[in-house]
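The structure appears below as structure tokens.
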Amino acid sequence: MSDTPVRPLEKGYDGAASMAPFTESELWRFFHESPHATSKHLLTLYSLAIGINAQSIVELGLGVTTRALRLAATKTGGILSSCDCDIQRFSHLQQQADQHWRLFLGSSEKFLSSLPGPFDLVLHDAAHDYYQVKMDLDLIMPRMRTFGIICVHDVQQTDLALPMLAAIRDATRSWQVSATVVPFNAGLAIIRIEKGQHPALTARGGYLPDGRMDTVLRPFPCALASETDAGAKSSLAYWVRWKLRRLLFGWR
């Protein structure tokens with residue numbers, strides 16, 4: 001972890017004064033100590049961006065997540081494009097933009113329509129009504145890479161959950177996606193695009209002893225292995241090994 005001094009946390013801090021990228025030590029501290037609704041999602045978002053080596057990161061709604069995603073962008077060499085409609089509150093932040101961060105102040109429709117895509121990772125934490133969220137997602141979905149990820153905050157929030165979930169349901173109805181919900185800090189939906197209109201992300205991971213990558217991206221739910229020759233051969237090999245283990249070790 002970085003030894004850079006950590007700026008003090010303030011109760012109720014909303015990041016309006018600065019959106020400078022977190023240092024690694026600040027990210028860790030905010031995760032543990034900040035009272036904000038997104039604080040416990042900071043490491044999740046940072047990990048997703050780093051793990052998929054996100055080059056195009058899109059954020060709707062400025063906050064402490066901006067600082068975490070800016071740090072991630074400096075690590076991946078990508079660009080975070082952020083949008084917020086509160087021009088008066090955040091106009092001073094435009095001078096903080098750099099090669100890894102672009103800031104648009106205005107409506108999400110104009111912002112999303114201006115971005116060429118494709119997108120690797122998107123965080124939606126802006127409007128929370130059904131119609132605006134669905135409109136935003138309708139603009140985002142065609143720009144997502146296959147296996148790209150969309151995160152939507154507040155899907156378990158007391159007063160907002162039902163319209164948020166309905167918007168996600170209806171916006172993804174005609175797309176192949178898989179999804180789960182992180183059930184704390186107002187809830188974070190994580191939606192993976194199983195088949196998008198742009199080339200798939202490149203898998204990242206460790207390496208097996210023979211030099212092969214330990215990660216290969218496949219749609220979920222997986223197609224039956226027997227549908228391809230390679231899948232059938234792989235399934236047969238696993239079946240034979242399973243049978244041998246049972247014979248050798250007496251498994252029943």
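If you're wondering about the labels, chains in the structure tokens are A, B, ... by order shown, residues count from 1 in each chain, ligands from 1 in order shown.
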
Exercise. Residues of range 76-137 of chain A in strand (DSSP E or B) according to DSSP, as a PyMOL selection string?
Worked result: chain A and resi 79-84+98+101-105+119-124

Keeping only all heavy atoms, write those residues as a short mmCIF file (atom, residue, chain, number, x, y, z; two decimals), in the first residue's frame.
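In the end it all went to again.cif:
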data_model
loop_
_atom_site.label_atom_id
_atom_site.label_comp_id
_atom_site.auth_asym_id
_atom_site.auth_seq_id
_atom_site.Cartn_x
_atom_site.Cartn_y
_atom_site.Cartn_z
N ILE A 79 -9.76 5.38 -19.46
CA ILE A 79 -10.37 6.70 -19.28
C ILE A 79 -11.70 6.54 -18.57
O ILE A 79 -12.53 5.72 -18.95
CB ILE A 79 -10.59 7.39 -20.63
CG1 ILE A 79 -9.26 7.65 -21.33
CG2 ILE A 79 -11.36 8.70 -20.44
CD1 ILE A 79 -9.41 8.23 -22.72
N LEU A 80 -11.88 7.31 -17.50
CA LEU A 80 -13.16 7.39 -16.80
C LEU A 80 -13.90 8.62 -17.32
O LEU A 80 -13.39 9.74 -17.24
CB LEU A 80 -12.95 7.52 -15.29
CG LEU A 80 -14.20 7.89 -14.47
CD1 LEU A 80 -15.27 6.80 -14.56
CD2 LEU A 80 -13.82 8.16 -13.01
N SER A 81 -15.09 8.40 -17.87
CA SER A 81 -15.95 9.50 -18.32
C SER A 81 -17.11 9.61 -17.35
O SER A 81 -17.92 8.69 -17.23
CB SER A 81 -16.47 9.23 -19.73
OG SER A 81 -15.40 9.10 -20.65
N SER A 82 -17.18 10.73 -16.62
CA SER A 82 -18.19 10.92 -15.59
C SER A 82 -19.20 11.98 -16.01
O SER A 82 -18.87 12.92 -16.74
CB SER A 82 -17.54 11.36 -14.27
OG SER A 82 -16.60 10.41 -13.82
N CYS A 83 -20.42 11.82 -15.51
CA CYS A 83 -21.49 12.77 -15.83
C CYS A 83 -22.29 13.08 -14.57
O CYS A 83 -22.58 12.18 -13.76
CB CYS A 83 -22.41 12.19 -16.89
SG CYS A 83 -23.90 13.17 -17.21
N ASP A 84 -22.65 14.36 -14.41
CA ASP A 84 -23.57 14.75 -13.35
C ASP A 84 -24.36 15.96 -13.85
O ASP A 84 -23.82 16.80 -14.58
CB ASP A 84 -22.82 15.12 -12.06
CG ASP A 84 -23.72 15.03 -10.84
OD1 ASP A 84 -24.58 15.91 -10.65
OD2 ASP A 84 -23.57 14.05 -10.06
N ASP A 98 -8.07 15.20 -16.45
CA ASP A 98 -6.75 14.89 -16.96
C ASP A 98 -6.86 13.80 -18.01
O ASP A 98 -7.95 13.51 -18.50
CB ASP A 98 -5.80 14.49 -15.82
CG ASP A 98 -6.30 13.29 -15.03
OD1 ASP A 98 -7.07 12.46 -15.59
OD2 ASP A 98 -5.92 13.16 -13.84
N TRP A 101 -9.38 11.16 -16.91
CA TRP A 101 -10.71 11.55 -16.42
C TRP A 101 -11.30 12.66 -17.25
O TRP A 101 -10.67 13.71 -17.44
CB TRP A 101 -10.65 12.00 -14.96
CG TRP A 101 -12.01 12.23 -14.35
CD1 TRP A 101 -13.11 11.42 -14.47
CD2 TRP A 101 -12.42 13.33 -13.54
NE1 TRP A 101 -14.17 11.94 -13.78
CE2 TRP A 101 -13.77 13.11 -13.19
CE3 TRP A 101 -11.77 14.47 -13.06
CZ2 TRP A 101 -14.50 13.99 -12.39
CZ3 TRP A 101 -12.48 15.35 -12.26
CH2 TRP A 101 -13.83 15.12 -11.93
N ARG A 102 -12.51 12.42 -17.73
CA ARG A 102 -13.28 13.42 -18.45
C ARG A 102 -14.58 13.66 -17.70
O ARG A 102 -15.21 12.71 -17.22
CB ARG A 102 -13.57 12.96 -19.88
CG ARG A 102 -12.30 12.73 -20.71
CD ARG A 102 -12.62 12.07 -22.03
NE ARG A 102 -11.41 11.82 -22.79
CZ ARG A 102 -11.37 11.10 -23.92
NH1 ARG A 102 -12.50 10.55 -24.38
NH2 ARG A 102 -10.23 10.91 -24.56
N LEU A 103 -15.00 14.91 -17.61
CA LEU A 103 -16.19 15.28 -16.85
C LEU A 103 -17.18 16.01 -17.75
O LEU A 103 -16.81 16.99 -18.41
CB LEU A 103 -15.82 16.16 -15.66
CG LEU A 103 -16.99 16.73 -14.83
CD1 LEU A 103 -17.83 15.59 -14.24
CD2 LEU A 103 -16.47 17.65 -13.73
N PHE A 104 -18.41 15.52 -17.75
CA PHE A 104 -19.49 16.16 -18.50
C PHE A 104 -20.55 16.58 -17.50
O PHE A 104 -21.01 15.76 -16.69
CB PHE A 104 -20.08 15.18 -19.52
CG PHE A 104 -21.24 15.74 -20.31
CD1 PHE A 104 -21.02 16.32 -21.56
CD2 PHE A 104 -22.54 15.68 -19.83
CE1 PHE A 104 -22.08 16.84 -22.29
CE2 PHE A 104 -23.60 16.20 -20.56
CZ PHE A 104 -23.37 16.78 -21.79
N LEU A 105 -20.95 17.85 -17.55
CA LEU A 105 -22.00 18.34 -16.67
C LEU A 105 -23.22 18.68 -17.51
O LEU A 105 -23.18 19.56 -18.37
CB LEU A 105 -21.51 19.58 -15.90
CG LEU A 105 -20.34 19.34 -14.94
CD1 LEU A 105 -19.88 20.64 -14.30
CD2 LEU A 105 -20.71 18.31 -13.87
N PHE A 119 -18.26 0.46 -24.26
CA PHE A 119 -17.97 0.60 -22.84
C PHE A 119 -17.56 -0.74 -22.25
O PHE A 119 -18.13 -1.78 -22.58
CB PHE A 119 -19.20 1.10 -22.08
CG PHE A 119 -19.81 2.36 -22.63
CD1 PHE A 119 -21.16 2.64 -22.44
CD2 PHE A 119 -19.05 3.29 -23.33
CE1 PHE A 119 -21.74 3.80 -22.92
CE2 PHE A 119 -19.61 4.46 -23.83
CZ PHE A 119 -20.97 4.71 -23.62
N ASP A 120 -16.60 -0.69 -21.33
CA ASP A 120 -16.18 -1.89 -20.61
C ASP A 120 -16.91 -2.01 -19.27
O ASP A 120 -17.34 -3.10 -18.88
CB ASP A 120 -14.67 -1.86 -20.34
CG ASP A 120 -13.86 -1.85 -21.62
OD1 ASP A 120 -14.37 -2.32 -22.66
OD2 ASP A 120 -12.72 -1.36 -21.59
N LEU A 121 -16.99 -0.89 -18.55
CA LEU A 121 -17.57 -0.87 -17.21
C LEU A 121 -18.38 0.41 -17.03
O LEU A 121 -17.90 1.49 -17.36
CB LEU A 121 -16.47 -0.93 -16.14
CG LEU A 121 -16.91 -0.83 -14.68
CD1 LEU A 121 -17.73 -2.05 -14.27
CD2 LEU A 121 -15.68 -0.68 -13.77
N VAL A 122 -19.59 0.26 -16.51
CA VAL A 122 -20.48 1.41 -16.28
C VAL A 122 -20.99 1.36 -14.85
O VAL A 122 -21.39 0.30 -14.36
CB VAL A 122 -21.68 1.41 -17.25
CG1 VAL A 122 -22.64 2.55 -16.92
CG2 VAL A 122 -21.21 1.53 -18.70
N LEU A 123 -20.97 2.52 -14.19
CA LEU A 123 -21.61 2.66 -12.89
C LEU A 123 -22.74 3.66 -13.02
O LEU A 123 -22.53 4.81 -13.43
CB LEU A 123 -20.62 3.15 -11.83
CG LEU A 123 -21.25 3.55 -10.48
CD1 LEU A 123 -21.94 2.36 -9.82
CD2 LEU A 123 -20.23 4.19 -9.56
N HIS A 124 -23.94 3.25 -12.65
CA HIS A 124 -25.10 4.14 -12.65
C HIS A 124 -25.48 4.43 -11.20
O HIS A 124 -25.92 3.55 -10.47
CB HIS A 124 -26.29 3.50 -13.37
CG HIS A 124 -27.41 4.46 -13.63
ND1 HIS A 124 -28.16 5.04 -12.62
CD2 HIS A 124 -27.90 4.96 -14.80
CE1 HIS A 124 -29.06 5.84 -13.14
NE2 HIS A 124 -28.92 5.82 -14.47
#

For this session: Would you please give, as a ChimeraX atom specification, all residues of range 136-236 of chain A that DSSP assigns to helix (DSSP H, G or I) based on the backbone?
Result: /A:136-143,161-171,225-227,229-236

Problem set entry | For Ala166 in chain A, the nearest of the candidates A:Leu69, A:Ile190, A:Val133, A:Leu48, counting only C-alpha atoms | A:Val133

Exercise. In Å to one decimal, how far is CA of Ile150 in chain A from CA of Ser174 in chain A?
Worked result: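 A separation of 15.7 Å between them.
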
Exercise. Near Ser39 in chain A, within 8 Å and counting only C-alpha atoms, which residues show up once chain neighbours fewer than 3 positions away are dropped, as a ChimeraX atom specification?
Worked result: /A:30-32,34-36,42,64-65,185

Selection file, N, CA, C and O atoms, as a CSV table (one decimal), in the first residue's frame:
chain,number,residue,atom,x,y,z
A,30,PHE,N,-11.3,4.7,3.3
A,30,PHE,CA,-12.7,5.1,3.0
A,30,PHE,C,-13.6,3.9,3.0
A,30,PHE,O,-14.8,4.0,3.5
A,31,PHE,N,-13.1,2.8,2.5
A,31,PHE,CA,-13.9,1.5,2.5
A,31,PHE,C,-14.3,1.2,4.0
A,31,PHE,O,-15.4,0.8,4.2
A,32,HIS,N,-13.4,1.3,4.9
A,32,HIS,CA,-13.6,0.9,6.3
A,32,HIS,C,-14.4,2.0,7.1
A,32,HIS,O,-15.2,1.7,7.9
A,34,SER,N,-15.7,5.4,6.0
A,34,SER,CA,-16.7,6.4,5.4
A,34,SER,C,-18.1,5.9,5.7
A,34,SER,O,-18.4,4.7,5.6
A,35,PRO,N,-19.0,6.8,6.1
A,35,PRO,CA,-20.4,6.5,6.3
A,35,PRO,C,-21.2,6.5,5.1
A,35,PRO,O,-22.4,6.2,5.1
A,36,HIS,N,-20.7,6.8,3.9
A,36,HIS,CA,-21.5,6.9,2.7
A,36,HIS,C,-22.0,5.6,2.2
A,36,HIS,O,-21.4,4.5,2.4
A,42,LEU,N,-16.7,0.4,-2.8
A,42,LEU,CA,-15.6,1.0,-3.4
A,42,LEU,C,-14.6,-0.1,-3.9
A,42,LEU,O,-14.1,0.0,-5.0
A,64,VAL,N,-17.8,9.6,-4.1
A,64,VAL,CA,-16.6,9.0,-3.7
A,64,VAL,C,-16.2,7.8,-4.7
A,64,VAL,O,-15.0,7.5,-4.8
A,65,THR,N,-17.2,7.3,-5.4
A,65,THR,CA,-16.9,6.2,-6.4
A,65,THR,C,-16.0,6.8,-7.5
A,65,THR,O,-15.2,6.1,-8.1
A,185,ASN,N,-25.3,-1.8,1.9
A,185,ASN,CA,-25.1,-0.4,1.5
A,185,ASN,C,-26.0,0.0,0.3
A,185,ASN,O,-25.6,0.5,-0.7

For this session: Compare A:Thr202, A:Gln88, A:Thr215, A:Thr44 by their minimum atom-to-atom distance to Ala189 in chain A, counting only C-alpha atoms, and give me the closest one.
Result: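 Using only C-alpha atoms, Ala189 in chain A sits closest to A:Thr44.
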
Residues at most 8 Å from Met141 in chain A, counting only C-alpha atoms, excluding those fewer than 4 positions away in the same chain, as a tab-separated table (two decimals) with all heavy atoms, in the first residue's frame?
chain	number	residue	atom	x	y	z
A	137	LEU	N	-30.25	3.20	-19.24
A	137	LEU	CA	-29.82	1.84	-19.57
A	137	LEU	C	-30.09	1.50	-21.03
A	137	LEU	O	-29.30	0.78	-21.66
A	137	LEU	CB	-30.52	0.84	-18.65
A	137	LEU	CG	-30.10	0.88	-17.18
A	137	LEU	CD1	-30.95	-0.07	-16.35
A	137	LEU	CD2	-28.62	0.54	-17.02
A	172	THR	N	-33.20	-4.57	-19.84
A	172	THR	CA	-32.37	-5.71	-20.24
A	172	THR	C	-33.19	-6.85	-20.85
A	172	THR	O	-32.64	-7.89	-21.20
A	172	THR	CB	-31.58	-6.26	-19.04
A	172	THR	OG1	-32.50	-6.69	-18.02
A	172	THR	CG2	-30.66	-5.19	-18.45
A	196	GLY	N	-23.07	-8.86	-26.46
A	196	GLY	CA	-23.25	-7.47	-26.82
A	196	GLY	C	-23.02	-7.24	-28.30
A	196	GLY	O	-22.79	-8.17	-29.07

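Closest approach to Gln55 in chain A from the set A:Gly211, A:Gly117, A:Pro21, A:Gly106 is made by A:Gly117, with distances taken over only C-alpha atoms.
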
Exercise. Could you state the separation of CA of His153 in chain A and CA of Val182 in chain A in Å, given to one decimal place?
Worked result: 9.5 Å

Problem set entry | Nearest-residue call for Ala54 in chain A, choices A:Leu201, A:Ala127, A:Thr38, A:Ser18, using only C-alpha atoms |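 Using only C-alpha atoms, Ala54 in chain A sits closest to A:Leu201.
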
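Across the structure, CA of Trp175 in chain A and CA of Glu194 in chain A are spaced 8.2 Å apart.
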
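Minimum atom-to-atom distances from A:Arg204, A:Lys134, A:Arg143, A:His92 to Arg173 in chain A were compared using only C-alpha atoms, and the lowest value belongs to A:Lys134.
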
For this session: Please identify all polymer residues within 7 Å of Asp125 in chain A, counting only C-alpha atoms, omitting same-chain residues fewer than 5 positions from it, and present them as a PyMOL selection string.
Result: chain A and resi 60-61+152-153

Could you write out the selected residues, including N, CA and C atoms, as a PDB file, in the first residue's frame?
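result_31.pdb, freshly written:
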ATOM      1  N   LEU A  60     -22.283   7.567 -14.103  1.00  0.00           N
ATOM      2  CA  LEU A  60     -23.376   8.524 -13.998  1.00  0.00           C
ATOM      3  C   LEU A  60     -23.593   8.838 -12.527  1.00  0.00           C
ATOM      4  N   GLY A  61     -23.312  10.086 -12.128  1.00  0.00           N
ATOM      5  CA  GLY A  61     -23.439  10.497 -10.740  1.00  0.00           C
ATOM      6  C   GLY A  61     -22.087  10.567 -10.061  1.00  0.00           C
ATOM      7  N   VAL A 152     -25.346  -0.920 -10.957  1.00  0.00           N
ATOM      8  CA  VAL A 152     -26.406   0.041 -10.637  1.00  0.00           C
ATOM      9  C   VAL A 152     -26.584   0.078  -9.125  1.00  0.00           C
ATOM     10  N   HIS A 153     -26.396   1.255  -8.547  1.00  0.00           N
ATOM     11  CA  HIS A 153     -26.500   1.393  -7.097  1.00  0.00           C
ATOM     12  C   HIS A 153     -27.942   1.653  -6.677  1.00  0.00           C
TER      13      HIS A 153
END
